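Peer 1: Pasting a structure below so you can have a look.
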Amino acid sequence: MEQTALAATHDDSGKEARIGVYVCHCGLNIAQTVDCPKVAESAARFDHVIVSKDIGYACSEPGQQQIKDDILEHSLDRVVIASCSPRLHEPTFRQMIKEAGLNPYLLEMANLREQCSWVHMKEPEAATAKAADLVKMAVSRVRQLSPLYEEVLPLTKRSLVIGGGIAGIQAALDLADNGFDVVLVEKKPSIGGTMAQLDKTFPTM
């Protein structure tokens, strides 16, 4: 079993967490509804939060550089980014903190765009309160995170193909051509599936 090398982590189980919180405006997508500076200010009072800022575009190069600089300057060991959906930029931010020397899994995101500002456009006060709660939950979770590491595991070149119809036969042949040992399982006495019955279904063919 081989472990993929990742950037050295600042995480030390003997030390208290040092968390950085970044509340992204996402242009006006979040900021026109949520009071981002107020959310960042509230997060600054949470335990173990060393840095808490609102930022124009966290995903931009200047935004990422600011976060990386803070990680190094303040010895942050985990990061919360309150912005858009993790589906969009979580890989971006994982790579960013990895470049700053952190384990990429010491990151937590709070979705303030799709789950807050966009669904509460006419309720700025309620949206801001909800955003603060989402960030609080993200901070609580990131405190509990531990570094994770990718592993490269050996592949067993042996395959099981269930079903001896045309598709199963072709899959078994393709796997065998690529160097795999293949076990083909068919519940009927012979293989071929429907194709084996064509002479009975279409006797004139």
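Following the order of the structure tokens, chains are lettered A, B, ..., residues in each are numbered from 1, and ligands are numbered from 1.
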Neighbouring residues of region 91-94 of chain A were defined as those with any atom within 8 Å, considering only C-alpha atoms; residues of the same chain fewer than 2 positions away were excluded. Please report them as number ranges by chain.
Peer 2: A: 59, 64, 88-89, 96-98, 104-105, 107
Peer 1: Please run DSSP on the backbone and report, as a short mmCIF file (atom, residue, chain, number, x, y, z; two decimals) with C-alpha atoms, in the first residue's frame, all residues within region 28-172 of chain A that come out as alpha helix (DSSP H).
Peer 2:
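Once everything was written out, this is selection-v1.cif:
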data_model
loop_
_atom_site.label_atom_id
_atom_site.label_comp_id
_atom_site.auth_asym_id
_atom_site.auth_seq_id
_atom_site.Cartn_x
_atom_site.Cartn_y
_atom_site.Cartn_z
CA CYS A 36 -20.80 40.17 4.72
CA PRO A 37 -18.71 42.44 7.01
CA LYS A 38 -21.21 41.80 9.83
CA VAL A 39 -21.00 38.03 9.32
CA ALA A 40 -17.19 38.17 9.37
CA GLU A 41 -17.29 40.30 12.51
CA SER A 42 -19.54 37.79 14.28
CA ALA A 43 -17.27 34.90 13.26
CA GLU A 61 -6.21 35.01 -7.80
CA PRO A 62 -5.89 38.06 -5.49
CA GLY A 63 -8.46 36.54 -3.12
CA GLN A 64 -6.66 33.21 -2.99
CA GLN A 65 -3.32 34.93 -2.49
CA GLN A 66 -4.69 36.90 0.45
CA ILE A 67 -5.87 33.70 2.11
CA LYS A 68 -2.55 31.94 1.47
CA ASP A 69 -0.67 34.92 2.91
CA ASP A 70 -2.82 34.81 6.05
CA ILE A 71 -2.21 31.07 6.46
CA LEU A 72 1.52 31.67 6.48
CA GLU A 73 1.49 34.92 8.48
CA HIS A 74 -0.86 33.73 11.23
CA PRO A 86 -18.82 23.69 -2.66
CA ARG A 87 -19.74 21.88 -5.86
CA LEU A 88 -18.31 24.83 -7.80
CA HIS A 89 -15.11 25.81 -6.00
CA GLU A 90 -14.26 23.28 -3.28
CA PRO A 91 -11.51 21.72 -5.46
CA THR A 92 -10.13 25.24 -6.08
CA PHE A 93 -9.91 26.03 -2.38
CA ARG A 94 -8.50 22.61 -1.46
CA GLN A 95 -5.69 23.16 -3.96
CA MET A 96 -5.17 26.68 -2.63
CA ILE A 97 -4.63 25.65 0.99
CA LYS A 98 -2.47 22.74 -0.15
CA GLU A 99 -0.21 25.25 -1.91
CA PRO A 124 -31.63 40.85 4.16
CA GLU A 125 -31.76 40.78 7.96
CA ALA A 126 -32.91 37.18 8.09
CA ALA A 127 -30.39 36.23 5.40
CA THR A 128 -27.57 37.82 7.38
CA ALA A 129 -28.60 36.01 10.55
CA LYS A 130 -28.81 32.71 8.68
CA ALA A 131 -25.40 33.33 7.09
CA ALA A 132 -23.89 33.90 10.53
CA ASP A 133 -25.37 30.58 11.70
CA LEU A 134 -24.05 28.74 8.63
CA VAL A 135 -20.57 30.12 9.30
CA LYS A 136 -20.82 29.20 12.99
CA MET A 137 -21.68 25.61 12.03
CA ALA A 138 -18.79 25.50 9.56
CA VAL A 139 -16.36 26.73 12.24
CA SER A 140 -17.63 24.09 14.68
CA ARG A 141 -17.15 21.36 12.09
CA VAL A 142 -13.71 22.46 10.89
CA ARG A 143 -12.43 22.25 14.49
CA GLN A 144 -13.17 18.52 14.42
CA ILE A 166 -23.98 -10.55 -25.98
CA ALA A 167 -23.07 -7.56 -23.80
CA GLY A 168 -21.60 -9.78 -21.08
CA ILE A 169 -19.61 -11.85 -23.58
CA GLN A 170 -18.21 -8.72 -25.22
CA ALA A 171 -17.32 -7.19 -21.85
CA ALA A 172 -15.53 -10.41 -20.85
#
Peer 1: Determine which residues of region 8-201 of chain A receive a DSSP assignment of strand (DSSP E), computed from the backbone, and state them as number ranges by chain.
Peer 2: A: 19-24, 49-55, 78-83, 107-111, 151-152, 158-162, 181-185
Peer 1: Between A:Leu173, A:Phe180, A:Ser60, A:Ala110, which is the closest to Leu155 (chain A) once you count only C-alpha atoms?
Peer 2: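 Of A:Leu173, A:Phe180, A:Ser60, A:Ala110, the one nearest Leu155 (chain A), counting only C-alpha atoms, is A:Phe180.
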Peer 1: Which residue gives the smallest distance to Met109 (chain A) among A:Val161, A:Val23, A:Leu175, A:Leu198, with only C-alpha atoms counted?
Peer 2: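 Under the stated criterion, the closest residue is A:Val23.
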Peer 1: What's the 12 Å shell around His25 (chain A), counting only C-alpha atoms, without same-chain residues fewer than 4 positions away, as JSON, numbers by chain?
Peer 2: {"A": [29, 30, 31, 32, 33, 34, 35, 36, 37, 38, 39, 40, 53, 54, 55, 56, 57, 58, 59, 60, 63, 81, 82, 83, 84, 111, 112, 113, 117, 131]}
Peer 1: Identify, on the basis of only C-alpha atoms, every residue whose closest approach to Val183 (chain A) does not exceed 9 Å; exclude the query and any residue fewer than 2 positions from it along the same chain; express the result as a list in words.
Peer 2: Arg158, Ser159, Leu160, Val161, Ile162, Ala172, Asp181 and Val185 of chain A
Peer 1: Quote the spacing between CA of Asn103 (chain A) and CA of Leu148 (chain A) in Å to one decimal place.
Peer 2: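 Between CA of Asn103 (chain A) and CA of Leu148 (chain A) the gap is 7.2 Å.
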